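Shown here: entry-v5.cif, mmCIF, C-alpha atoms and all ligand atoms.
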data_work
#
loop_
_atom_site.label_atom_id
_atom_site.label_comp_id
_atom_site.auth_asym_id
_atom_site.auth_seq_id
_atom_site.Cartn_x
_atom_site.Cartn_y
_atom_site.Cartn_z
CA MET U 1 36.76 -0.01 -35.48
CA ASN U 2 35.46 -1.07 -38.89
CA GLY U 3 34.78 -4.55 -37.56
CA GLN U 4 32.67 -3.09 -34.77
CA LEU U 5 30.65 -0.94 -37.15
CA LYS U 6 29.98 -3.86 -39.42
CA ASN U 7 28.85 -5.89 -36.45
CA ALA U 8 26.46 -3.18 -35.32
CA ALA U 9 25.00 -2.95 -38.83
CA GLN U 10 24.41 -6.69 -38.87
CA VAL U 11 22.54 -6.90 -35.57
CA ASP U 12 20.32 -3.99 -36.58
CA SER U 13 19.51 -5.34 -40.03
CA HIS U 14 16.20 -6.93 -38.99
CA PRO U 15 13.00 -4.86 -39.10
CA ARG U 16 12.11 -3.29 -35.74
CA ILE U 17 10.45 -5.69 -33.33
CA TRP U 18 7.61 -3.86 -31.58
CA LEU U 19 6.24 -4.37 -28.08
CA SER U 20 2.61 -5.12 -28.99
CA PRO U 21 1.62 -4.16 -32.55
CA PRO U 22 -1.85 -4.64 -34.06
CA HIS U 23 -2.51 -8.13 -35.48
CA LEU U 24 -5.18 -8.16 -38.17
CA GLY U 25 -6.86 -11.08 -39.92
CA GLU U 26 -9.07 -11.44 -42.98
CA GLN U 27 -12.53 -11.22 -41.43
CA GLU U 28 -12.02 -7.57 -40.41
CA LYS U 29 -11.92 -6.56 -44.10
CA VAL U 30 -15.13 -8.45 -44.84
CA TYR U 31 -17.00 -6.60 -42.08
CA VAL U 32 -15.46 -3.20 -42.98
CA GLU U 33 -16.43 -3.68 -46.63
CA ASP U 34 -19.95 -4.42 -45.48
CA ALA U 35 -19.98 -1.14 -43.53
CA PHE U 36 -18.90 0.72 -46.69
CA ARG U 37 -21.35 -1.11 -48.94
CA SER U 38 -24.28 -0.42 -46.64
CA ASN U 39 -23.16 3.22 -46.11
CA TRP U 40 -23.25 2.83 -42.32
CA ILE U 41 -20.34 5.26 -41.80
CA ALA U 42 -21.61 6.64 -38.50
CA PRO U 43 -21.17 6.39 -34.73
CA LEU U 44 -23.97 3.83 -34.70
CA GLY U 45 -25.11 1.00 -36.95
CA PRO U 46 -25.45 -2.76 -37.21
CA HIS U 47 -21.77 -3.53 -36.51
CA VAL U 48 -21.86 -1.44 -33.32
CA ASP U 49 -24.97 -3.30 -32.15
CA ALA U 50 -23.48 -6.68 -33.05
CA PHE U 51 -20.11 -5.88 -31.44
CA GLU U 52 -21.89 -4.96 -28.20
CA ARG U 53 -23.91 -8.19 -28.25
CA GLU U 54 -20.81 -10.27 -28.97
CA ILE U 55 -18.71 -8.69 -26.19
CA ALA U 56 -21.59 -9.16 -23.73
CA GLN U 57 -21.88 -12.78 -24.80
CA TYR U 58 -18.13 -13.43 -24.65
CA THR U 59 -17.80 -11.98 -21.16
CA GLY U 60 -21.15 -13.21 -19.83
CA SER U 61 -22.19 -9.66 -19.02
CA HIS U 62 -25.87 -8.69 -19.38
CA GLY U 63 -25.10 -5.64 -21.47
CA ALA U 64 -22.34 -3.71 -23.23
CA LEU U 65 -21.90 -0.19 -24.59
CA ALA U 66 -19.38 0.48 -27.39
CA LEU U 67 -17.46 3.72 -26.91
CA ALA U 68 -14.70 5.78 -28.52
CA SER U 69 -12.10 4.68 -25.95
CA GLY U 70 -11.51 2.82 -22.72
CA THR U 71 -10.92 6.20 -21.08
CA ALA U 72 -14.42 7.33 -22.13
CA ALA U 73 -15.84 4.11 -20.64
CA LEU U 74 -14.09 4.82 -17.31
CA HIS U 75 -15.38 8.39 -17.33
CA LEU U 76 -18.98 7.23 -17.82
CA ALA U 77 -18.61 4.44 -15.21
CA LEU U 78 -17.39 6.96 -12.61
CA ARG U 79 -20.29 9.29 -13.38
CA LEU U 80 -22.75 6.38 -13.12
CA ALA U 81 -21.18 5.60 -9.73
CA GLY U 82 -22.27 9.08 -8.65
CA VAL U 83 -18.77 10.54 -8.41
CA GLU U 84 -18.98 14.32 -8.08
CA HIS U 85 -16.72 17.29 -7.46
CA GLY U 86 -14.82 16.88 -4.17
CA ASP U 87 -15.50 13.13 -3.79
CA TYR U 88 -12.72 10.57 -3.30
CA VAL U 89 -12.00 7.60 -5.56
CA ILE U 90 -9.46 4.85 -4.89
CA CYS U 91 -7.30 3.73 -7.81
CA SER U 92 -4.45 1.27 -8.40
CA SER U 93 -1.10 3.06 -8.56
CA LEU U 94 0.66 0.65 -10.93
CA THR U 95 -1.18 1.48 -14.15
CA PHE U 96 -1.45 3.71 -17.20
CA VAL U 97 -2.55 7.28 -16.49
CA ALA U 98 -5.89 6.68 -18.25
CA SER U 99 -7.10 4.74 -15.18
CA ALA U 100 -7.03 7.93 -13.10
CA ASN U 101 -7.51 10.85 -15.51
CA PRO U 102 -11.33 10.43 -15.58
CA ILE U 103 -11.35 10.87 -11.77
CA LEU U 104 -9.90 14.34 -12.41
CA TYR U 105 -12.43 15.04 -15.22
CA LEU U 106 -15.14 14.85 -12.53
CA GLY U 107 -13.27 17.07 -10.07
CA ALA U 108 -12.76 14.18 -7.66
CA HIS U 109 -9.62 13.21 -5.72
CA PRO U 110 -7.76 10.01 -6.56
CA VAL U 111 -6.23 7.99 -3.70
CA PHE U 112 -3.61 5.50 -4.86
CA VAL U 113 -3.06 1.98 -3.55
CA ASP U 114 -0.03 -0.29 -3.93
CA VAL U 115 0.08 -3.75 -5.50
CA GLU U 116 0.92 -7.13 -3.93
CA PRO U 117 3.97 -9.14 -5.07
CA GLU U 118 1.84 -12.26 -5.79
CA THR U 119 -0.20 -10.71 -8.62
CA TRP U 120 1.36 -7.28 -9.31
CA ASN U 121 -2.20 -6.05 -8.79
CA MET U 122 -3.95 -4.04 -6.09
CA CYS U 123 -3.23 -5.32 -2.59
CA PRO U 124 -6.60 -6.06 -0.89
CA LEU U 125 -5.20 -5.20 2.57
CA ALA U 126 -3.73 -1.85 1.51
CA PHE U 127 -7.06 -1.18 -0.24
CA GLU U 128 -8.92 -1.81 3.02
CA ARG U 129 -6.55 0.55 4.86
CA ALA U 130 -7.13 3.24 2.24
CA CYS U 131 -10.94 2.91 2.50
CA ARG U 132 -10.76 3.21 6.28
CA ALA U 133 -8.41 6.21 6.23
CA VAL U 134 -10.47 8.15 3.69
CA THR U 135 -13.77 7.58 5.49
CA ASP U 136 -12.24 8.15 8.96
CA SER U 137 -11.03 11.57 7.85
CA GLY U 138 -14.61 12.50 6.95
CA HIS U 139 -14.28 12.49 3.16
CA THR U 140 -16.90 11.02 0.83
CA LEU U 141 -15.59 7.86 -0.79
CA LYS U 142 -17.68 6.87 -3.83
CA ALA U 143 -15.84 4.33 -5.98
CA ALA U 144 -12.72 2.26 -6.64
CA VAL U 145 -10.98 1.79 -9.99
CA VAL U 146 -9.25 -1.60 -9.78
CA VAL U 147 -6.84 -2.38 -12.62
CA ASN U 148 -6.13 -5.86 -14.02
CA LEU U 149 -2.50 -5.49 -15.04
CA TYR U 150 -0.85 -7.00 -18.13
CA GLY U 151 -3.69 -9.46 -18.70
CA GLN U 152 -4.14 -10.66 -15.13
CA SER U 153 -7.10 -10.01 -12.83
CA ALA U 154 -6.56 -8.49 -9.43
CA ASP U 155 -7.67 -10.53 -6.39
CA LEU U 156 -11.15 -9.10 -6.77
CA GLN U 157 -13.16 -11.12 -4.24
CA PRO U 158 -11.76 -9.52 -1.05
CA ILE U 159 -11.69 -6.15 -2.79
CA ALA U 160 -15.38 -6.50 -3.76
CA GLU U 161 -16.24 -7.45 -0.15
CA THR U 162 -14.50 -4.31 1.12
CA CYS U 163 -16.37 -2.22 -1.46
CA ASP U 164 -19.67 -3.64 -0.20
CA ARG U 165 -18.73 -2.93 3.40
CA TYR U 166 -17.94 0.71 2.61
CA GLY U 167 -20.87 1.10 0.20
CA ILE U 168 -18.69 2.09 -2.74
CA VAL U 169 -18.91 1.10 -6.40
CA LEU U 170 -16.31 -1.28 -7.85
CA ILE U 171 -15.16 -0.34 -11.36
CA GLU U 172 -12.90 -2.87 -13.04
CA ASP U 173 -10.35 -1.37 -15.43
CA ALA U 174 -10.02 -4.47 -17.59
CA ALA U 175 -8.46 -2.54 -20.51
CA GLU U 176 -5.51 -4.95 -20.48
CA SER U 177 -7.33 -8.14 -19.49
CA LEU U 178 -10.07 -8.91 -22.04
CA GLY U 179 -10.32 -12.70 -22.18
CA ALA U 180 -8.78 -13.35 -18.77
CA THR U 181 -10.72 -15.14 -16.03
CA TYR U 182 -10.92 -14.84 -12.25
CA ARG U 183 -12.60 -17.51 -10.10
CA GLY U 184 -14.42 -18.87 -13.14
CA LYS U 185 -15.85 -15.54 -14.31
CA ALA U 186 -14.64 -13.26 -17.08
CA SER U 187 -12.27 -10.47 -16.14
CA GLY U 188 -14.24 -7.22 -16.27
CA THR U 189 -17.46 -8.73 -14.91
CA TRP U 190 -16.61 -8.72 -11.19
CA GLY U 191 -17.11 -5.03 -10.74
CA LYS U 192 -20.49 -3.30 -11.00
CA TYR U 193 -18.90 -1.82 -14.15
CA GLY U 194 -16.15 -3.24 -16.35
CA VAL U 195 -14.09 -1.35 -18.91
CA PHE U 196 -12.28 -2.71 -21.98
CA SER U 197 -10.01 -0.92 -24.46
CA PHE U 198 -9.41 -1.58 -28.15
CA ASN U 199 -6.48 0.80 -28.48
CA GLY U 200 -3.83 -0.19 -31.04
CA ASN U 201 -1.57 -1.94 -28.51
CA LYS U 202 -4.25 -4.05 -26.77
CA ILE U 203 -4.85 -7.78 -27.30
CA ILE U 204 -7.53 -6.97 -29.88
CA THR U 205 -7.91 -3.54 -31.43
CA THR U 206 -10.23 -1.31 -33.45
CA SER U 207 -7.36 1.24 -33.81
CA GLY U 208 -9.11 3.06 -30.99
CA GLY U 209 -12.21 2.18 -29.02
CA GLY U 210 -13.61 0.94 -25.75
CA MET U 211 -16.49 -0.92 -24.13
CA LEU U 212 -18.41 -0.50 -20.90
CA VAL U 213 -20.03 -3.69 -19.57
CA SER U 214 -22.48 -4.15 -16.71
CA ASP U 215 -25.41 -6.29 -15.58
CA ASP U 216 -27.30 -3.06 -14.83
CA LEU U 217 -29.05 -2.38 -18.12
CA ALA U 218 -30.74 0.80 -16.87
CA ALA U 219 -27.33 2.24 -15.99
CA LEU U 220 -26.00 1.31 -19.43
CA ALA U 221 -28.99 3.08 -21.03
CA THR U 222 -28.14 6.22 -19.07
CA ALA U 223 -24.49 5.98 -20.17
CA ARG U 224 -25.63 5.50 -23.79
CA HIS U 225 -27.70 8.68 -23.49
CA TRP U 226 -24.75 10.67 -22.08
CA ALA U 227 -22.43 9.27 -24.76
CA THR U 228 -24.64 10.67 -27.56
CA GLN U 229 -24.65 14.30 -26.32
CA ALA U 230 -27.52 13.46 -23.94
CA ARG U 231 -30.07 14.19 -26.61
CA ASP U 232 -33.64 13.95 -25.32
CA PRO U 233 -36.21 12.05 -27.42
CA ALA U 234 -37.54 15.08 -29.30
CA PRO U 235 -37.21 16.08 -32.99
CA HIS U 236 -35.89 19.55 -32.04
CA TYR U 237 -32.48 19.10 -30.43
CA GLN U 238 -33.32 19.19 -26.72
CA HIS U 239 -30.95 18.44 -23.81
CA SER U 240 -31.61 18.12 -20.09
CA ALA U 241 -28.25 16.67 -19.04
CA MET U 242 -24.61 17.25 -19.94
CA GLY U 243 -23.41 14.77 -22.54
CA TYR U 244 -20.38 13.73 -24.57
CA ASN U 245 -19.58 12.57 -28.08
CA TYR U 246 -18.29 9.17 -27.01
CA ARG U 247 -19.82 6.55 -29.34
CA LEU U 248 -17.80 4.11 -31.45
CA SER U 249 -17.88 4.31 -35.25
CA ASN U 250 -19.66 1.51 -37.12
CA VAL U 251 -16.50 1.09 -39.26
CA LEU U 252 -14.33 0.53 -36.20
CA ALA U 253 -16.89 -1.82 -34.64
CA ALA U 254 -16.63 -3.84 -37.87
CA ILE U 255 -12.88 -4.21 -37.25
CA GLY U 256 -13.59 -5.16 -33.64
CA ARG U 257 -15.96 -7.98 -34.63
CA GLY U 258 -13.33 -9.56 -36.86
CA GLN U 259 -10.76 -9.18 -34.09
CA LEU U 260 -13.03 -10.72 -31.46
CA GLU U 261 -13.39 -13.91 -33.52
CA GLN U 262 -9.61 -14.33 -33.09
CA LEU U 263 -9.40 -13.43 -29.40
CA ASP U 264 -8.95 -16.95 -28.04
CA ALA U 265 -6.21 -17.68 -30.58
CA ARG U 266 -4.51 -14.38 -29.65
CA ILE U 267 -4.59 -15.28 -25.96
CA ASN U 268 -3.10 -18.72 -26.62
CA ARG U 269 -0.30 -17.19 -28.67
CA ARG U 270 0.52 -14.57 -26.02
CA ARG U 271 0.59 -17.29 -23.36
CA ASP U 272 2.89 -19.37 -25.59
CA LEU U 273 5.24 -16.42 -25.98
CA PHE U 274 5.33 -15.94 -22.20
CA ARG U 275 6.09 -19.62 -21.65
CA ARG U 276 8.92 -19.61 -24.19
CA TYR U 277 10.48 -16.47 -22.70
CA GLN U 278 10.18 -17.96 -19.23
CA GLN U 279 11.72 -21.30 -20.23
CA ARG U 280 14.71 -19.66 -21.88
CA LEU U 281 15.39 -16.73 -19.57
CA GLU U 282 14.20 -17.66 -16.09
CA GLY U 283 17.45 -19.48 -15.32
CA ILE U 284 19.35 -16.19 -15.51
CA GLU U 285 20.31 -15.06 -12.06
CA GLY U 286 18.26 -12.07 -10.94
CA PHE U 287 15.42 -12.54 -13.48
CA ARG U 288 11.93 -13.12 -12.05
CA PHE U 289 8.82 -13.37 -14.20
CA MET U 290 5.43 -11.90 -13.28
CA PRO U 291 3.64 -14.66 -11.36
CA GLU U 292 0.28 -16.03 -12.50
CA SER U 293 -2.33 -15.94 -9.76
CA PRO U 294 -3.86 -19.36 -8.91
CA SER U 295 -7.30 -17.65 -8.87
CA GLY U 296 -7.49 -17.21 -12.61
CA ARG U 297 -6.05 -17.35 -16.07
CA SER U 298 -4.00 -14.43 -17.36
CA THR U 299 -3.93 -13.55 -21.07
CA ARG U 300 -0.25 -12.59 -20.65
CA TRP U 301 -1.01 -9.47 -22.68
CA LEU U 302 2.59 -8.44 -22.04
CA THR U 303 5.44 -10.65 -20.86
CA ALA U 304 6.91 -8.84 -17.86
CA PHE U 305 9.76 -9.70 -15.50
CA THR U 306 12.06 -8.00 -13.02
CA VAL U 307 15.83 -7.72 -13.08
CA ASP U 308 17.76 -7.62 -9.81
CA GLU U 309 20.71 -5.45 -10.76
CA GLU U 310 23.05 -6.90 -8.11
CA LEU U 311 22.48 -10.47 -9.26
CA ALA U 312 22.19 -9.89 -13.01
CA GLY U 313 24.98 -7.31 -13.22
CA VAL U 314 22.77 -5.09 -15.35
CA SER U 315 19.81 -2.87 -14.57
CA ALA U 316 16.40 -3.05 -16.24
CA GLY U 317 17.03 0.35 -17.82
CA GLN U 318 20.39 -0.74 -19.25
CA LEU U 319 18.83 -3.87 -20.70
CA ILE U 320 16.01 -1.86 -22.30
CA ASP U 321 18.57 0.55 -23.83
CA CYS U 322 20.70 -2.33 -25.09
CA LEU U 323 17.66 -3.93 -26.77
CA ALA U 324 16.61 -0.57 -28.27
CA ARG U 325 20.06 -0.20 -29.88
CA ARG U 326 19.45 -3.57 -31.52
CA ASN U 327 16.08 -2.50 -32.89
CA ILE U 328 13.93 -4.26 -30.29
CA GLU U 329 11.25 -2.34 -28.40
CA ALA U 330 11.13 -3.27 -24.71
CA ARG U 331 9.53 -1.01 -22.11
CA PRO U 332 9.72 -0.39 -18.38
CA VAL U 333 6.76 -1.43 -16.24
CA TRP U 334 4.24 1.44 -15.82
CA LYS U 335 5.55 4.34 -13.77
CA PRO U 336 3.32 4.30 -10.66
CA LEU U 337 0.77 7.10 -10.63
CA HIS U 338 1.68 8.21 -7.10
CA LEU U 339 5.14 9.08 -8.52
CA GLN U 340 3.72 11.16 -11.37
CA PRO U 341 4.07 14.96 -11.10
CA LEU U 342 0.36 15.16 -12.06
CA PHE U 343 -0.61 13.38 -8.82
CA ALA U 344 2.06 14.80 -6.50
CA ARG U 345 -0.61 15.90 -4.01
CA SER U 346 -2.63 12.67 -3.95
CA ALA U 347 -2.55 10.23 -1.03
CA TYR U 348 -0.83 6.85 -1.42
CA PHE U 349 -1.17 3.62 0.58
CA PRO U 350 1.83 1.29 0.18
CA TYR U 351 1.92 -2.48 0.71
CA PHE U 352 3.07 -1.79 4.22
CA GLU U 353 4.42 1.27 5.95
CA GLY U 354 7.76 2.18 4.45
CA TYR U 355 7.70 -0.48 1.71
CA SER U 356 6.17 0.13 -1.71
CA VAL U 357 6.00 -2.86 -4.07
CA CYS U 358 5.13 -0.91 -7.23
CA ASP U 359 8.13 1.40 -6.78
CA ARG U 360 10.36 -1.68 -6.93
CA LEU U 361 8.48 -3.17 -9.92
CA PHE U 362 8.92 0.14 -11.74
CA ALA U 363 12.65 0.25 -10.97
CA GLU U 364 13.28 -3.38 -11.93
CA GLY U 365 10.54 -4.30 -14.42
CA ILE U 366 10.78 -4.93 -18.16
CA CYS U 367 8.10 -5.75 -20.73
CA LEU U 368 9.34 -7.72 -23.74
CA PRO U 369 7.84 -7.83 -27.26
CA SER U 370 4.62 -9.82 -26.80
CA GLY U 371 2.49 -9.26 -29.90
CA SER U 372 0.54 -12.30 -31.08
CA SER U 373 1.99 -11.80 -34.59
CA LEU U 374 5.55 -12.26 -33.29
CA THR U 375 7.10 -15.33 -34.94
CA ASN U 376 9.17 -17.92 -33.07
CA GLU U 377 12.20 -16.74 -35.06
CA GLU U 378 11.66 -13.14 -33.99
CA GLN U 379 11.18 -14.23 -30.40
CA ASP U 380 14.40 -16.28 -30.58
CA LEU U 381 16.17 -13.14 -31.79
CA VAL U 382 14.83 -11.20 -28.77
CA ILE U 383 15.99 -13.97 -26.41
CA VAL U 384 19.46 -14.22 -27.96
CA THR U 385 19.77 -10.43 -27.88
CA VAL U 386 18.92 -10.37 -24.15
CA GLU U 387 21.63 -13.00 -23.61
CA THR U 388 24.12 -11.01 -25.71
CA CYS U 389 23.36 -7.85 -23.76
CA LEU U 390 24.11 -9.73 -20.53
CA GLN U 391 27.31 -11.35 -21.83
CA ASN U 392 28.62 -8.04 -23.13
CA ARG U 393 27.41 -6.01 -20.17
CA ASN U 394 30.86 -4.63 -19.40
CA SER U 395 31.86 -3.60 -22.91
CA LEU U 396 28.57 -2.73 -24.55
CA LEU U 397 26.49 -0.99 -21.92
C1 LIG U 401 -5.06 1.25 -22.49
C2 LIG U 401 -5.52 1.45 -21.10
C3 LIG U 401 -6.55 2.35 -20.79
C4 LIG U 401 -7.13 3.34 -21.75
O1 LIG U 401 -7.74 2.83 -22.85
P1 LIG U 401 -7.92 3.76 -24.14
O2 LIG U 401 -8.83 2.95 -25.00
O3 LIG U 401 -6.56 3.96 -24.73
O4 LIG U 401 -8.55 5.05 -23.72
C5 LIG U 401 -7.00 2.42 -19.47
N1 LIG U 401 -6.45 1.67 -18.52
C6 LIG U 401 -5.44 0.82 -18.77
C7 LIG U 401 -4.89 0.01 -17.65
C8 LIG U 401 -4.92 0.70 -20.07
O5 LIG U 401 -3.89 -0.11 -20.29
#

Kindly transcribe the structure held in the file into structure tokens.
Amino acid sequence: MNGQLKNAAQVDSHPRIWLSPPHLGEQEKVYVEDAFRSNWIAPLGPHVDAFEREIAQYTGSHGALALASGTAALHLALRLAGVEHGDYVICSSLTFVASANPILYLGAHPVFVDVEPETWNMCPLAFERACRAVTDSGHTLKAAVVVNLYGQSADLQPIAETCDRYGIVLIEDAAESLGATYRGKASGTWGKYGVFSFNGNKIITTSGGGMLVSDDLAALATARHWATQARDPAPHYQHSAMGYNYRLSNVLAAIGRGQLEQLDARINRRRDLFRRYQQRLEGIEGFRFMPESPSGRSTRWLTAFTVDEELAGVSAGQLIDCLARRNIEARPVWKPLHLQPLFARSAYFPYFEGYSVCDRLFAEGICLPSGSSLTNEEQDLVIVTVETCLQNRNSLL
């Protein structure tokens, strides 16, 4: 018994390895100190303006609006798309709840669509079926929120064509895919509106923040107005529309500018980590890594794979628990939104009748530590621990 305890203490003696922690450099401090020195401690200022210009330039978008969160950016995009109380909005099911919450803010109804096995992203055919069903039943369909999961763009071209055919606005939730490409264009610039997030776990972070991008500068000006309490241009506080307090702080934009200078290096590192995990673990029976679509380049924001319990002799959940006991944070793939109690009454369109892909990815999927600050030694420890968990599956699980 003592031997076992000692062993357990040894494997846990390393500091916790996190899924996707912030990774800061030196330039962030230089810009933040400038914000302090110049006393621009406000939800506007030169770093906000510069951050917007730099994101627009990086993505090739005509304009950008810095906001307090990616969720705020989605909310404003949906309102710009004309979504009102009682309208319908299509949304990917395999995503974080923030993709769909803003649909509820506007009193609209989300309709969820399954993913395809090739990309783990929205299935264009199921999307088409959903558009037809909603319009055939006489409801007003206004927009689609298409998510680019774990750093990879959805197959946006057929989805955009369907949007055009049904006259609905395509909003790209690119919160997880800043820096990815699809058919030669930046992820987030295929939709009429694109949304990025700088939350603490994203590929670059401002601790919290978001960005709305679009080629429609008039629409961005409207969103900017709404995001600053919709204050009319008058010295006495006058308001003709309902607004929000959604702008990004100049201090946080300063962090974002430093982070953005490192984005390409961060992407390369995350892709390296994916490749090393894949090389070392793909030979294990029952393990299958998230495929990379031939239509673009993923950032591999998170390394994700599925575990077939029959072949591997262990379930995804057991593997996650085993890693957690050894101080390594792994996570399941997002719980699909159509399975969430919050959306129990929303419609769902699976890959095909009676077969839902995202249900299976949720049951079998694992995300491994993927932060760009992860060292090779730490990654080796994760890999060896996965192997140990498998070898000891009968005694340790
Ligand atoms: C992180 C995330 C968001 C929300 O971004 P916040 O900046 O945290 O509000 C939205 N959608 C997806 C897919 C995300 O991963």

Under the rule that all atoms listed in the file are counted, which of U:Ser187, U:Gln57, U:Asn268, U:Asn101 is the nearest residue to Gln157 (chain U)? U:Ser187

Applying 9 Å and only C-alpha atoms, which residues near region 314-330 of chain U remain after dropping the ones on its own chain fewer than 6 positions away? List them as a list in words.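 Surrounding residues, per the criterion: Ala8, Val11, Asp12, Ser13, His14, Pro15, Arg16, Ile17, Trp18, Leu19, Thr306, Val307, Asp308, Ala363, Glu364, Gly365, Ile366, Cys367, Leu368, Pro369, Val382, Thr385, Val386, Cys389, Leu390, Arg393, Leu396 and Leu397 of chain U.
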
Write out as a VMD selection string each polymer residue (protein, DNA or RNA) that has an atom no more than 9 Å from ligand LIG 401 (chain U), with all atoms listed in the file counted. chain U and resid 67 to 74 94 to 100 147 to 150 173 to 177 195 to 202 208 to 211

Go ahead and write the residues just picked, C-alpha atoms, as a JSON list (two decimals), in the coordinates of the input.
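Output (out_11.json):
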[["chain", "number", "residue", "atom", "x", "y", "z"],
["U", 67, "LEU", "CA", -17.46, 3.72, -26.91],
["U", 68, "ALA", "CA", -14.70, 5.78, -28.52],
["U", 69, "SER", "CA", -12.10, 4.68, -25.95],
["U", 70, "GLY", "CA", -11.51, 2.82, -22.72],
["U", 71, "THR", "CA", -10.92, 6.20, -21.08],
["U", 72, "ALA", "CA", -14.42, 7.33, -22.13],
["U", 73, "ALA", "CA", -15.84, 4.11, -20.64],
["U", 74, "LEU", "CA", -14.09, 4.82, -17.31],
["U", 94, "LEU", "CA", 0.66, 0.65, -10.93],
["U", 95, "THR", "CA", -1.18, 1.48, -14.15],
["U", 96, "PHE", "CA", -1.45, 3.71, -17.20],
["U", 97, "VAL", "CA", -2.55, 7.28, -16.49],
["U", 98, "ALA", "CA", -5.89, 6.68, -18.25],
["U", 99, "SER", "CA", -7.10, 4.74, -15.18],
["U", 100, "ALA", "CA", -7.03, 7.93, -13.10],
["U", 147, "VAL", "CA", -6.84, -2.38, -12.62],
["U", 148, "ASN", "CA", -6.13, -5.86, -14.02],
["U", 149, "LEU", "CA", -2.50, -5.49, -15.04],
["U", 150, "TYR", "CA", -0.85, -7.00, -18.13],
["U", 173, "ASP", "CA", -10.35, -1.37, -15.43],
["U", 174, "ALA", "CA", -10.02, -4.47, -17.59],
["U", 175, "ALA", "CA", -8.46, -2.54, -20.51],
["U", 176, "GLU", "CA", -5.51, -4.95, -20.48],
["U", 177, "SER", "CA", -7.33, -8.14, -19.49],
["U", 195, "VAL", "CA", -14.09, -1.35, -18.91],
["U", 196, "PHE", "CA", -12.28, -2.71, -21.98],
["U", 197, "SER", "CA", -10.01, -0.92, -24.46],
["U", 198, "PHE", "CA", -9.41, -1.58, -28.15],
["U", 199, "ASN", "CA", -6.48, 0.80, -28.48],
["U", 200, "GLY", "CA", -3.83, -0.19, -31.04],
["U", 201, "ASN", "CA", -1.57, -1.94, -28.51],
["U", 202, "LYS", "CA", -4.25, -4.05, -26.77],
["U", 208, "GLY", "CA", -9.11, 3.06, -30.99],
["U", 209, "GLY", "CA", -12.21, 2.18, -29.02],
["U", 210, "GLY", "CA", -13.61, 0.94, -25.75],
["U", 211, "MET", "CA", -16.49, -0.92, -24.13]]

Of the residues U:Leu381, U:Ala66, U:Cys358, U:Leu170, which is the one nearest to Ala227 (chain U), using all atoms listed in the file? U:Ala66

Who sits within 9 Å of region 139-142 of chain U, all atoms listed in the file, same chain under 3 positions skipped, as a list in words: Leu78, Ala81, Gly82, Val83, Glu84, Gly86, Asp87, Tyr88, Val89, Ile90, Cys131, Val134, Thr135, Asp136, Tyr166, Gly167, Ile168 and Val169 of chain U

Who sits within 8 Å of Arg257 (chain U), only C-alpha atoms, same chain under 6 positions skipped, as a ChimeraX atom specification: /U:28,31,47,50-51,54

When distances are computed from only C-alpha atoms, which of U:Ala77, U:Pro43, U:Ser153, U:Val115 shows the smallest separation from Ser293 (chain U)? U:Ser153

Using all atoms listed in the file and a cutoff of 8 Å, can you tell me which residues are near (-0.5, -6.5, -28.4) in the file's coordinates, and write them out as a PyMOL selection string? chain U and resi 19-23+200-204+301-302+370-372

Spatial neighbours of Met290 (chain U), 8 Å, all atoms listed in the file, chain gap at least 6 places, as a PDB file with C-alpha atoms, in the coordinates of the input:
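What ended up in out-v1.pdb:
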ATOM      1  CA  THR U 119      -0.200 -10.710  -8.620  1.00  0.00           C
ATOM      2  CA  TRP U 120       1.360  -7.280  -9.310  1.00  0.00           C
ATOM      3  CA  THR U 303       5.440 -10.650 -20.860  1.00  0.00           C
ATOM      4  CA  ALA U 304       6.910  -8.840 -17.860  1.00  0.00           C
ATOM      5  CA  PHE U 305       9.760  -9.700 -15.500  1.00  0.00           C
ATOM      6  CA  THR U 306      12.060  -8.000 -13.020  1.00  0.00           C
TER       7      THR U 306
END

Nearest to Glu26 (chain U) among U:Gln229, U:Gln259, U:Ser61, U:Ser214, with distances taken over only C-alpha atoms: which residue is it? U:Gln259

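Nearest to Met122 (chain U) of all the residues U:Gly313, U:Gly107, U:Gly45, U:Pro158 is U:Pro158, based on all atoms listed in the file.
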
When you draw a straight line from CA of Gly60 (chain U) to CA of Val146 (chain U), how long is it in Å?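 Going from CA of Gly60 (chain U) over to CA of Val146 (chain U), I get 19.4 Å.
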
I'd like to know which of U:Ile255, U:Ala186, U:Val30, U:Ala223 is closest to Ala241 (chain U), using all atoms listed in the file.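 Checking each candidate against Ala241 (chain U), we get U:Ala223 as the closest.
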
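We find CA of Gly151 (chain U) and CA of Leu361 (chain U) to be spaced 16.3 Å apart.
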
Would you list the contacts of Arg79 (chain U) as an MDAnalysis selection string, taking every protein, DNA or RNA residue within 10 Å and counting all atoms listed in the file, but skipping same-chain residues closer than 6 positions in sequence? chainID U and resid 73 102:103 105:106 143 223 226

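For the point (-29.5, 10.8, -26.2), the residues with an atom at a distance of at most 12 Å are Ala221, Thr222, Ala223, Arg224, His225, Trp226, Ala227, Thr228, Gln229, Ala230, Arg231, Asp232, Pro233, Ala234, Pro235, Tyr237, Gln238, His239, Ser240, Ala241, Met242, Gly243, Tyr244, Asn245, Tyr246 and Arg247 of chain U, counting only C-alpha atoms.
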
Distance in Å - CA of Glu33 (chain U) versus CA of Ser249 (chain U):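 The value is 14.0 Å.
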